[in-house]
file structure.csv (CSV, C-alpha atoms)
chain,number,residue,atom,x,y,z
A,1,MET,CA,147.1,66.5,-4.2
A,2,ALA,CA,150.3,66.2,-5.8
A,3,GLY,CA,153.7,67.2,-4.6
A,4,ARG,CA,155.2,68.1,-1.3
A,5,ARG,CA,153.0,69.4,1.6
A,6,GLU,CA,153.5,72.9,2.7
A,7,LEU,CA,154.2,73.5,6.4
A,8,GLN,CA,151.0,75.2,7.5
A,9,GLU,CA,150.6,77.6,10.4
A,10,ILE,CA,148.6,76.2,13.3
A,11,ASN,CA,146.0,78.6,14.4
A,12,ALA,CA,146.8,79.4,18.0
A,13,GLY,CA,144.0,81.8,18.6
A,14,SER,CA,142.0,79.2,20.6
A,15,MET,CA,144.9,78.0,22.7
A,16,ALA,CA,143.9,80.3,25.5
A,17,ASP,CA,140.4,79.0,25.5
A,18,ILE,CA,141.7,75.5,25.7
A,19,ALA,CA,144.0,76.5,28.5
A,20,PHE,CA,141.2,78.1,30.5
A,21,LEU,CA,139.0,75.1,29.8
A,22,LEU,CA,141.6,72.8,31.3
A,23,LEU,CA,142.1,75.1,34.2
A,24,VAL,CA,138.4,75.2,35.0
A,25,PHE,CA,138.2,71.4,34.7
A,26,PHE,CA,141.0,70.9,37.1
A,27,LEU,CA,139.7,73.5,39.5
A,28,VAL,CA,136.4,71.8,39.6
A,29,THR,CA,137.6,68.2,39.8
A,30,THR,CA,140.4,68.7,42.3
A,31,THR,CA,139.1,68.0,45.8
A,32,MET,CA,140.9,69.6,48.6
A,33,ASP,CA,141.0,66.9,51.2
A,34,THR,CA,139.3,68.6,54.1
A,35,ASP,CA,139.9,67.2,57.5
A,36,LEU,CA,136.7,66.2,59.2
A,37,GLY,CA,136.3,65.0,62.7
A,38,LEU,CA,134.7,65.1,66.1
A,39,ALA,CA,136.0,68.1,68.0
A,40,ARG,CA,136.4,67.5,71.7
A,41,ARG,CA,138.0,69.2,74.6
A,42,LEU,CA,140.1,67.2,77.1
A,43,PRO,CA,139.7,68.1,80.7
A,44,PRO,CA,142.7,69.9,82.2
A,45,PRO,CA,145.2,67.7,84.1
A,46,LEU,CA,144.2,66.7,87.6
A,47,ASP,CA,145.7,68.7,90.4
A,48,ILE,CA,146.5,66.4,93.3
A,49,ASN,CA,146.0,69.2,95.9
A,50,GLN,CA,142.7,70.1,94.4
A,51,PRO,CA,139.8,69.2,96.7
A,52,GLU,CA,137.4,66.5,95.4
A,53,PRO,CA,134.5,68.0,93.5
A,54,PRO,CA,131.1,67.5,95.2
A,55,PRO,CA,129.5,64.2,94.2
A,56,ILE,CA,126.9,64.4,91.5
A,57,LYS,CA,123.6,62.9,92.3
A,58,GLN,CA,123.1,59.5,90.7
A,59,ARG,CA,119.9,60.5,88.9
A,60,ASN,CA,121.9,63.2,87.0
A,61,VAL,CA,124.5,60.9,85.6
A,62,PHE,CA,124.0,58.8,82.5
A,63,VAL,CA,126.6,56.1,82.7
A,64,VAL,CA,127.9,54.5,79.5
A,65,LEU,CA,130.4,51.7,79.8
A,66,ALA,CA,132.2,50.1,76.9
A,67,ASN,CA,134.0,46.8,77.5
A,68,ALA,CA,136.8,45.1,75.7
A,69,ASN,CA,134.3,43.0,73.6
A,70,ASP,CA,132.8,46.2,72.3
A,71,GLN,CA,129.6,45.8,74.3
A,72,LEU,CA,127.8,48.7,75.8
A,73,LEU,CA,126.3,48.9,79.3
A,74,VAL,CA,124.0,52.0,79.5
A,75,GLU,CA,122.6,52.8,82.9
A,76,GLY,CA,123.1,49.2,83.9
A,77,GLU,CA,121.5,47.7,80.9
A,78,MET,CA,123.1,46.0,77.9
A,79,THR,CA,122.3,48.2,75.0
A,80,ASP,CA,122.9,48.1,71.3
A,81,ILE,CA,124.7,51.1,69.8
A,82,SER,CA,121.6,51.9,67.7
A,83,GLU,CA,119.5,52.4,70.8
A,84,LEU,CA,122.0,54.7,72.5
A,85,LYS,CA,120.9,57.9,70.9
A,86,GLU,CA,117.2,57.6,71.9
A,87,LYS,CA,118.1,56.7,75.5
A,88,ALA,CA,120.5,59.6,75.7
A,89,LYS,CA,117.9,62.0,74.3
A,90,GLU,CA,115.3,60.9,76.8
A,91,PHE,CA,117.8,61.3,79.6
A,92,ILE,CA,119.0,64.7,78.6
A,93,ALA,CA,115.7,66.3,78.0
A,94,ASN,CA,113.7,64.4,80.7
A,95,PRO,CA,110.4,65.5,79.0
A,96,ASP,CA,108.1,64.0,81.6
A,97,ASN,CA,110.1,65.2,84.7
A,98,GLN,CA,110.5,61.7,85.9
A,99,GLU,CA,112.0,61.0,89.3
A,100,ASN,CA,114.9,58.8,88.1
A,101,LEU,CA,116.0,61.2,85.3
A,102,PRO,CA,118.0,64.4,85.9
A,103,SER,CA,116.5,67.1,88.1
A,104,LYS,CA,116.0,70.5,86.6
A,105,THR,CA,116.7,74.0,87.7
A,106,VAL,CA,115.0,77.1,86.3
A,107,ILE,CA,117.4,79.6,84.9
A,108,ASN,CA,117.0,82.7,82.8
A,109,VAL,CA,118.0,82.1,79.2
A,110,PRO,CA,117.9,84.9,76.6
A,111,PHE,CA,115.1,84.4,74.0
A,112,PHE,CA,113.5,81.7,76.1
A,113,GLY,CA,112.9,83.5,79.4
A,114,ASP,CA,112.9,81.2,82.4
A,115,TYR,CA,113.5,77.7,81.4
A,116,ALA,CA,113.9,74.5,83.3
A,117,VAL,CA,117.3,73.1,82.4
A,118,SER,CA,118.2,69.6,83.4
A,119,LYS,CA,121.4,69.0,85.3
A,120,GLN,CA,122.5,66.1,83.1
A,121,VAL,CA,126.0,64.7,82.8
A,122,ILE,CA,127.0,61.9,80.6
A,123,SER,CA,129.7,59.7,81.9
A,124,LEU,CA,131.6,57.6,79.4
A,125,GLN,CA,134.0,55.0,80.5
A,126,ASN,CA,135.9,52.6,78.3
A,127,ASP,CA,138.2,49.7,78.7
A,128,ASN,CA,141.8,49.6,77.4
A,129,GLY,CA,140.6,46.9,75.0
A,130,THR,CA,137.6,48.8,73.6
A,131,SER,CA,138.1,49.4,69.9
A,132,TYR,CA,138.5,53.0,68.6
A,133,ASP,CA,135.7,52.4,66.2
A,134,LEU,CA,133.2,51.7,69.0
A,135,TYR,CA,134.5,54.7,71.0
A,136,ILE,CA,133.9,57.0,68.0
A,137,GLN,CA,130.5,55.5,67.4
A,138,VAL,CA,129.5,56.2,71.0
A,139,GLN,CA,130.8,59.7,70.9
A,140,ASN,CA,129.0,60.2,67.7
A,141,GLU,CA,125.7,58.9,68.9
A,142,LEU,CA,125.9,61.1,72.1
A,143,ALA,CA,126.7,64.1,70.0
A,144,ALA,CA,123.8,63.3,67.7
A,145,ALA,CA,121.5,63.1,70.7
A,146,TYR,CA,122.5,66.6,71.8
A,147,ASN,CA,122.3,67.9,68.2
A,148,GLU,CA,118.9,66.5,67.6
A,149,LEU,CA,117.5,68.0,70.8
A,150,ARG,CA,119.1,71.3,70.0
A,151,ASN,CA,117.6,71.1,66.5
A,152,ASP,CA,114.1,70.5,67.8
A,153,LEU,CA,114.4,73.3,70.3
A,154,ALA,CA,115.7,75.8,67.7
A,155,GLN,CA,113.0,74.7,65.3
A,156,ASN,CA,110.2,75.3,67.9
A,157,GLU,CA,111.6,78.6,69.1
A,158,PHE,CA,113.1,80.2,66.0
A,159,GLY,CA,111.6,78.2,63.2
A,160,VAL,CA,115.0,77.2,61.9
A,161,SER,CA,117.3,74.3,62.8
A,162,TYR,CA,120.2,74.6,65.1
A,163,ASP,CA,122.6,73.6,62.3
A,164,PHE,CA,121.3,76.6,60.4
A,165,LEU,CA,121.9,78.9,63.3
A,166,VAL,CA,125.5,77.7,63.6
A,167,GLU,CA,126.0,78.0,59.8
A,168,SER,CA,124.6,81.5,59.7
A,169,LYS,CA,126.8,82.5,62.7
A,170,ASP,CA,123.9,83.7,64.8
A,171,LYS,CA,126.0,83.5,68.0
A,172,ALA,CA,123.4,84.8,70.5
A,173,LYS,CA,120.8,82.2,69.5
A,174,VAL,CA,123.4,79.4,69.3
A,175,LYS,CA,124.5,80.3,72.8
A,176,ALA,CA,121.0,80.3,74.2
A,177,VAL,CA,120.3,76.9,72.7
A,178,ARG,CA,123.6,75.6,74.1
A,179,LYS,CA,122.7,76.9,77.5
A,180,ILE,CA,119.6,74.8,77.6
A,181,PHE,CA,121.3,71.7,76.3
A,182,PRO,CA,124.9,72.0,77.2
A,183,GLN,CA,127.0,69.1,75.9
A,184,ARG,CA,128.5,67.5,79.0
A,185,ILE,CA,130.3,64.3,78.2
A,186,SER,CA,132.7,63.4,80.9
A,187,GLU,CA,135.2,60.7,80.4
A,188,ALA,CA,136.3,58.7,83.4
A,189,GLU,CA,139.9,59.1,84.5
A,190,PRO,CA,141.8,56.0,83.4
A,191,LYS,CA,142.6,54.1,86.5
A,192,ASN,CA,145.8,52.3,85.6
A,193,ILE,CA,147.7,55.4,84.4
A,194,ASN,CA,149.7,57.6,86.7
A,195,ILE,CA,148.5,61.1,86.0
A,196,GLY,CA,151.2,62.8,88.1
A,197,GLY,CA,153.7,61.4,85.6
A,198,LYS,CA,156.8,61.0,87.7
B,1,MET,CA,136.3,84.4,-0.2
B,2,SER,CA,140.0,84.6,-0.6
B,3,LYS,CA,140.4,84.3,3.2
B,4,PHE,CA,139.7,80.6,3.2
B,5,SER,CA,141.5,79.7,0.0
B,6,LYS,CA,143.9,76.9,0.3
B,7,GLY,CA,146.5,78.7,-1.6
B,8,LYS,CA,150.2,78.5,-0.9
B,9,LYS,CA,150.6,81.5,1.2
B,10,SER,CA,153.3,81.1,3.8
B,11,ARG,CA,156.6,79.3,3.8
B,12,GLY,CA,158.4,78.2,6.9
B,13,ALA,CA,155.7,79.3,9.2
B,14,THR,CA,156.3,79.2,12.9
B,15,ILE,CA,154.0,78.1,15.7
B,16,SER,CA,152.6,81.1,17.5
B,17,THR,CA,153.8,81.3,21.0
B,18,ALA,CA,151.3,83.9,22.0
B,19,SER,CA,149.4,81.5,24.2
B,20,LEU,CA,152.4,80.1,26.0
B,21,PRO,CA,151.8,82.4,28.9
B,22,ASP,CA,148.3,81.1,29.3
B,23,ILE,CA,149.5,77.5,29.4
B,24,VAL,CA,152.2,78.4,31.9
B,25,PHE,CA,149.7,80.2,34.1
B,26,MET,CA,147.3,77.3,33.8
B,27,LEU,CA,150.0,74.9,35.1
B,28,LEU,CA,150.9,77.4,37.8
B,29,PHE,CA,147.3,77.6,39.0
B,30,PHE,CA,146.9,73.9,38.8
B,31,PHE,CA,149.9,73.2,41.0
B,32,MET,CA,149.0,76.0,43.4
B,33,VAL,CA,145.6,74.5,43.9
B,34,THR,CA,146.6,70.9,44.3
B,35,THR,CA,149.9,71.1,46.2
B,36,VAL,CA,149.4,70.1,49.7
B,37,MET,CA,152.1,71.4,52.0
B,38,ARG,CA,154.2,68.9,53.9
B,39,GLU,CA,152.2,65.7,53.4
B,40,VAL,CA,153.8,63.0,55.5
B,41,ASP,CA,154.4,59.4,54.4
B,42,LEU,CA,152.0,57.2,56.3
B,43,LYS,CA,153.8,54.4,58.0
B,44,VAL,CA,150.7,53.0,59.6
B,45,LYS,CA,147.6,51.5,58.2
B,46,LEU,CA,144.8,54.1,58.5
B,47,SER,CA,141.2,53.2,58.0
B,48,GLN,CA,139.3,55.9,59.9
B,49,PRO,CA,135.9,55.3,61.5
B,50,GLU,CA,132.8,57.1,60.2
B,51,ALA,CA,130.8,59.7,62.1
B,52,SER,CA,128.0,62.0,61.2
B,53,GLU,CA,128.3,64.8,63.8
B,54,ILE,CA,131.5,66.2,62.4
B,55,GLU,CA,133.1,69.5,62.0
B,56,LYS,CA,135.7,70.8,59.6
B,57,LEU,CA,139.2,71.6,60.7
B,58,GLU,CA,139.5,75.2,59.7
B,59,ASN,CA,143.1,76.3,59.9
B,60,LYS,CA,145.6,73.7,58.8
B,61,ALA,CA,148.6,75.6,60.0
B,62,LEU,CA,147.4,75.2,63.6
B,63,VAL,CA,146.9,71.5,63.5
B,64,SER,CA,149.4,68.9,64.6
B,65,TYR,CA,148.7,65.4,63.5
B,66,ILE,CA,149.2,62.2,65.5
B,67,TYR,CA,148.8,59.0,63.6
B,68,ILE,CA,148.1,55.7,65.4
B,69,GLY,CA,147.7,52.3,63.8
B,70,GLU,CA,149.2,49.0,62.8
B,71,PRO,CA,152.5,49.5,60.9
B,72,ASN,CA,152.3,49.0,57.2
B,73,ASP,CA,155.4,46.9,57.3
B,74,SER,CA,154.2,44.4,59.8
B,75,LYS,CA,157.0,41.9,59.1
B,76,LYS,CA,159.5,44.4,60.3
B,77,PHE,CA,157.6,46.3,63.0
B,78,GLY,CA,155.0,43.8,64.1
B,79,THR,CA,151.3,44.3,64.4
B,80,GLU,CA,151.1,46.2,67.6
B,81,PRO,CA,149.6,49.7,67.1
B,82,ARG,CA,152.3,52.3,66.8
B,83,ILE,CA,152.3,56.1,67.0
B,84,GLN,CA,153.6,58.1,64.1
B,85,LEU,CA,154.7,61.7,64.5
B,86,ASN,CA,155.9,63.6,61.4
B,87,ASP,CA,157.7,61.0,59.4
B,88,GLN,CA,158.7,58.5,62.0
B,89,PHE,CA,157.5,56.1,64.7
B,90,ALA,CA,157.4,57.5,68.2
B,91,LYS,CA,156.9,56.5,71.7
B,92,VAL,CA,154.1,57.9,73.9
B,93,SER,CA,156.7,60.0,75.7
B,94,ASP,CA,157.6,61.7,72.4
B,95,VAL,CA,154.1,63.3,72.1
B,96,ALA,CA,154.8,66.1,74.6
B,97,PRO,CA,158.0,67.3,72.9
B,98,TYR,CA,156.2,67.1,69.6
B,99,ILE,CA,153.5,69.4,70.8
B,100,GLU,CA,156.1,71.8,72.4
B,101,GLN,CA,157.9,71.8,69.1
B,102,LYS,CA,154.7,72.8,67.3
B,103,ARG,CA,154.1,75.6,69.8
B,104,THR,CA,157.5,77.2,69.0
B,105,GLU,CA,156.5,77.4,65.4
B,106,VAL,CA,153.5,79.6,65.8
B,107,VAL,CA,152.9,83.1,67.1
B,108,GLU,CA,152.4,83.1,70.8
B,109,ALA,CA,148.9,84.5,70.6
B,110,LEU,CA,147.8,81.5,68.5
B,111,ILE,CA,149.1,78.8,70.9
B,112,PRO,CA,145.7,78.3,72.7
B,113,LYS,CA,144.1,77.8,69.3
B,114,LEU,CA,146.4,74.9,68.4
B,115,ILE,CA,144.4,71.7,67.7
B,116,THR,CA,145.7,68.1,67.8
B,117,SER,CA,144.2,65.9,65.3
B,118,LEU,CA,144.2,62.2,66.1
B,119,LYS,CA,144.1,60.1,63.0
B,120,VAL,CA,143.6,56.6,64.3
B,121,ASN,CA,142.9,53.3,62.6
B,122,LYS,CA,139.5,52.1,63.7
B,123,GLU,CA,140.7,48.7,64.8
B,124,THR,CA,143.1,50.2,67.4
B,125,LYS,CA,142.4,49.5,71.0
B,126,MET,CA,141.7,52.4,73.3
B,127,GLY,CA,144.7,51.7,75.6
B,128,VAL,CA,147.3,53.5,73.5
B,129,ILE,CA,144.9,56.3,72.6
B,130,THR,CA,144.1,56.9,76.3
B,131,GLU,CA,147.9,57.1,77.0
B,132,VAL,CA,148.3,59.7,74.2
B,133,LYS,CA,145.4,61.7,75.6
B,134,GLN,CA,146.9,61.7,79.1
B,135,GLU,CA,150.1,62.9,77.5
B,136,LEU,CA,148.3,65.7,75.8
B,137,ARG,CA,146.5,66.7,78.9
B,138,LYS,CA,149.9,67.0,80.7
B,139,VAL,CA,151.1,69.5,78.2
B,140,GLN,CA,147.8,71.4,78.2
B,141,ALA,CA,147.0,70.5,74.6
B,142,LEU,CA,143.4,70.2,75.3
B,143,LYS,CA,141.8,70.9,72.0
B,144,ILE,CA,141.6,67.6,70.0
B,145,ASN,CA,139.9,66.4,67.0
B,146,TYR,CA,139.1,62.7,66.4
B,147,SER,CA,139.6,62.5,62.6
B,148,THR,CA,136.8,60.6,61.0
B,149,LEU,CA,135.2,60.1,57.6
B,150,GLU,CA,131.8,61.4,56.8
B,151,LYS,CA,129.0,58.9,57.3
B,152,VAL,CA,127.0,59.1,54.1
B,153,GLU,CA,123.9,57.1,54.5
B,154,ARG,CA,122.5,58.5,57.7
B,155,LYS,CA,122.8,62.3,57.4
B,156,ARG,CA,121.0,64.4,60.0
B,157,ARG,CA,120.8,67.7,58.2
B,158,ARG,CA,117.2,68.7,57.4

call {"tool": "encode", "arguments": {"input": "structure.csv", "output": "structure tokens"}}
result
Amino acid sequence: MAGRRELQEINAGSMADIAFLLLVFFLVTTTMDTDLGLARRLPPPLDINQPEPPPIKQRNVFVVLANANDQLLVEGEMTDISELKEKAKEFIANPDNQENLPSKTVINVPFFGDYAVSKQVISLQNDNGTSYDLYIQVQNELAAAYNELRNDLAQNEFGVSYDFLVESKDKAKVKAVRKIFPQRISEAEPKNINIGGK
Amino acid sequence: MSKFSKGKKSRGATISTASLPDIVFMLLFFFMVTTVMREVDLKVKLSQPEASEIEKLENKALVSYIYIGEPNDSKKFGTEPRIQLNDQFAKVSDVAPYIEQKRTEVVEALIPKLITSLKVNKETKMGVITEVKQELRKVQALKINYSTLEKVERKRRR
């Protein structure tokens, strides 16, 4: 072509399409950083005037100790973190009604009728030198033990997993399952800290 | 087919601005989606532990964050784990006023729903965390959340 170029009009009709394309692209790729974590409830502060709670029978308590070298002592035995969940599951459910595992009381639970619920309590005690990583792993394994038992129970009774019940907000059933396997993780009072705070 | 002829038709043509609103809206939406309100500058190293039995933190307006870890600037602040509240280092005794401050910011009915999220570096020792937890118990801030990452390989969902 000879001569000077003409200034041509750019077709802007597809601009909106491009704009929407970009918008959709960013909408899809942008991840909102959701905060995930283990939700726990701290016990209320100790009242000095409060009478001592009645002692819990030793067979009902599952003692987990974590020392400063990140070693675990579970019910008096050195245990690896990978075995903790199975041990906790056996303790919580006590499937064979053993003498040294938690005793059971029969209570009436909706959907299940009369059900023998164990009086389990898990006691977790850690040293000031225990690493946070191990602490979270222990909390996680214990929560996993409860969740797996709840899952199995819900699967047998309702044909769906406990997770599904929670997600579908089936509150009555969730409550019934929780009543049979209540998550009772008690953390020992730190001994060297003054709780009165004077 | 005169429509597609390359004839000299227009002189001094202008770029159509008809789609400018689209672009502006696109940018607007983009920033609306990605903007995170009041992100603090982390002054501590934060490598969170992993866990599988985790829950989502639902309402961010009701969450107060406590960061604990080794200071980023270890030449200046040493390697001892420090607590960070908002944008600055704090002492354990500053935790209670921080929670009280947060409580004044929300409607009274929502105060029991406030959650404290502990974002702690995984190498931190439990000593300082226990102190913070005791402090939270004193001010009745009992709902806490140990912030973790999601463990990928061993997922329990069936």

call {"tool": "interface_residues", "arguments": {"input": "structure.csv", "of": "chain B", "to": "chain A", "cutoff": "8 Å", "atoms": "only C-alpha atoms", "output": "ChimeraX atom specification"}}
result
/B:8,10-19,22-23,26-27,29-30,33-34,49-57,120-128,130-131,133-134,137-138,140,142-150,157-158

call {"tool": "atom_distance", "arguments": {"input": "structure.csv", "atom1": "CA of Tyr98 (chain B)", "atom2": "CA of Glu80 (chain B)"}}
result
21.6 Å

call {"tool": "atom_distance", "arguments": {"input": "structure.csv", "atom1": "CA of Gly76 (chain A)", "atom2": "CA of Val63 (chain A)"}}
result
7.8 Å

call {"tool": "residues_around", "arguments": {"input": "structure.csv", "residues": "Ala90 (chain B)", "least_positions_apart": "3", "cutoff": "12 Å", "atoms": "all atoms listed in the file", "output": "PyMOL selection string"}}
result
chain B and resi 43-44+66-69+71+81-87+93-98+132

call {"tool": "closest_residue", "arguments": {"input": "structure.csv", "among": "B:Ser64, B:Ser74, B:Ser117, B:Gln48", "to": "Glu105 (chain B)", "atoms": "only C-alpha atoms"}}
result
B:Ser64

call {"tool": "atom_distance", "arguments": {"input": "structure.csv", "atom1": "CA of Leu165 (chain A)", "atom2": "CA of Thr105 (chain A)"}}
result
25.4 Å

call {"tool": "build_atoms", "arguments": {"input": "structure.csv", "residues": "region 103-119 of chain B", "atoms": "N, CA, C and O atoms", "output": "PDB file, in the frame of the given file"}}
result
ATOM      1  N   ARG B 103     154.429  74.283  69.147  1.00  0.00           N
ATOM      2  CA  ARG B 103     154.100  75.600  69.800  1.00  0.00           C
ATOM      3  C   ARG B 103     155.169  76.620  69.483  1.00  0.00           C
ATOM      4  O   ARG B 103     154.859  77.801  69.429  1.00  0.00           O
ATOM      5  N   THR B 104     156.419  76.175  69.329  1.00  0.00           N
ATOM      6  CA  THR B 104     157.500  77.200  69.000  1.00  0.00           C
ATOM      7  C   THR B 104     157.337  77.684  67.614  1.00  0.00           C
ATOM      8  O   THR B 104     157.894  78.716  67.286  1.00  0.00           O
ATOM      9  N   GLU B 105     156.586  76.951  66.773  1.00  0.00           N
ATOM     10  CA  GLU B 105     156.500  77.400  65.400  1.00  0.00           C
ATOM     11  C   GLU B 105     155.457  78.418  65.111  1.00  0.00           C
ATOM     12  O   GLU B 105     155.449  79.017  64.048  1.00  0.00           O
ATOM     13  N   VAL B 106     154.552  78.616  66.049  1.00  0.00           N
ATOM     14  CA  VAL B 106     153.500  79.600  65.800  1.00  0.00           C
ATOM     15  C   VAL B 106     153.631  80.805  66.711  1.00  0.00           C
ATOM     16  O   VAL B 106     154.361  80.773  67.696  1.00  0.00           O
ATOM     17  N   VAL B 107     152.921  81.847  66.310  1.00  0.00           N
ATOM     18  CA  VAL B 107     152.900  83.100  67.100  1.00  0.00           C
ATOM     19  C   VAL B 107     152.317  82.751  68.481  1.00  0.00           C
ATOM     20  O   VAL B 107     151.402  81.944  68.593  1.00  0.00           O
ATOM     21  N   GLU B 108     152.813  83.421  69.491  1.00  0.00           N
ATOM     22  CA  GLU B 108     152.400  83.100  70.800  1.00  0.00           C
ATOM     23  C   GLU B 108     150.898  83.201  71.059  1.00  0.00           C
ATOM     24  O   GLU B 108     150.287  82.400  71.766  1.00  0.00           O
ATOM     25  N   ALA B 109     150.317  84.217  70.425  1.00  0.00           N
ATOM     26  CA  ALA B 109     148.900  84.500  70.600  1.00  0.00           C
ATOM     27  C   ALA B 109     148.040  83.309  70.096  1.00  0.00           C
ATOM     28  O   ALA B 109     146.898  83.115  70.504  1.00  0.00           O
ATOM     29  N   LEU B 110     148.599  82.523  69.169  1.00  0.00           N
ATOM     30  CA  LEU B 110     147.800  81.500  68.500  1.00  0.00           C
ATOM     31  C   LEU B 110     147.945  80.127  69.278  1.00  0.00           C
ATOM     32  O   LEU B 110     147.259  79.168  68.945  1.00  0.00           O
ATOM     33  N   ILE B 111     148.833  80.067  70.267  1.00  0.00           N
ATOM     34  CA  ILE B 111     149.100  78.800  70.900  1.00  0.00           C
ATOM     35  C   ILE B 111     147.794  78.171  71.525  1.00  0.00           C
ATOM     36  O   ILE B 111     147.558  76.977  71.362  1.00  0.00           O
ATOM     37  N   PRO B 112     146.919  78.966  72.169  1.00  0.00           N
ATOM     38  CA  PRO B 112     145.700  78.300  72.700  1.00  0.00           C
ATOM     39  C   PRO B 112     144.776  77.793  71.585  1.00  0.00           C
ATOM     40  O   PRO B 112     143.890  76.996  71.855  1.00  0.00           O
ATOM     41  N   LYS B 113     144.999  78.242  70.350  1.00  0.00           N
ATOM     42  CA  LYS B 113     144.100  77.800  69.300  1.00  0.00           C
ATOM     43  C   LYS B 113     144.655  76.538  68.574  1.00  0.00           C
ATOM     44  O   LYS B 113     144.027  76.033  67.647  1.00  0.00           O
ATOM     45  N   LEU B 114     145.799  76.055  69.001  1.00  0.00           N
ATOM     46  CA  LEU B 114     146.400  74.900  68.400  1.00  0.00           C
ATOM     47  C   LEU B 114     145.439  73.654  68.628  1.00  0.00           C
ATOM     48  O   LEU B 114     144.917  73.475  69.722  1.00  0.00           O
ATOM     49  N   ILE B 115     145.265  72.867  67.600  1.00  0.00           N
ATOM     50  CA  ILE B 115     144.400  71.700  67.700  1.00  0.00           C
ATOM     51  C   ILE B 115     145.277  70.459  67.389  1.00  0.00           C
ATOM     52  O   ILE B 115     146.136  70.496  66.516  1.00  0.00           O
ATOM     53  N   THR B 116     145.056  69.407  68.123  1.00  0.00           N
ATOM     54  CA  THR B 116     145.700  68.100  67.800  1.00  0.00           C
ATOM     55  C   THR B 116     144.729  67.227  67.150  1.00  0.00           C
ATOM     56  O   THR B 116     143.653  66.978  67.686  1.00  0.00           O
ATOM     57  N   SER B 117     145.070  66.776  65.980  1.00  0.00           N
ATOM     58  CA  SER B 117     144.200  65.900  65.300  1.00  0.00           C
ATOM     59  C   SER B 117     144.667  64.454  65.423  1.00  0.00           C
ATOM     60  O   SER B 117     145.801  64.134  65.089  1.00  0.00           O
ATOM     61  N   LEU B 118     143.803  63.611  65.972  1.00  0.00           N
ATOM     62  CA  LEU B 118     144.200  62.200  66.100  1.00  0.00           C
ATOM     63  C   LEU B 118     143.624  61.421  64.978  1.00  0.00           C
ATOM     64  O   LEU B 118     142.419  61.312  64.792  1.00  0.00           O
ATOM     65  N   LYS B 119     144.540  60.903  64.169  1.00  0.00           N
ATOM     66  CA  LYS B 119     144.100  60.100  63.000  1.00  0.00           C
ATOM     67  C   LYS B 119     144.434  58.635  63.427  1.00  0.00           C
ATOM     68  O   LYS B 119     145.596  58.227  63.418  1.00  0.00           O
TER      69      LYS B 119
END
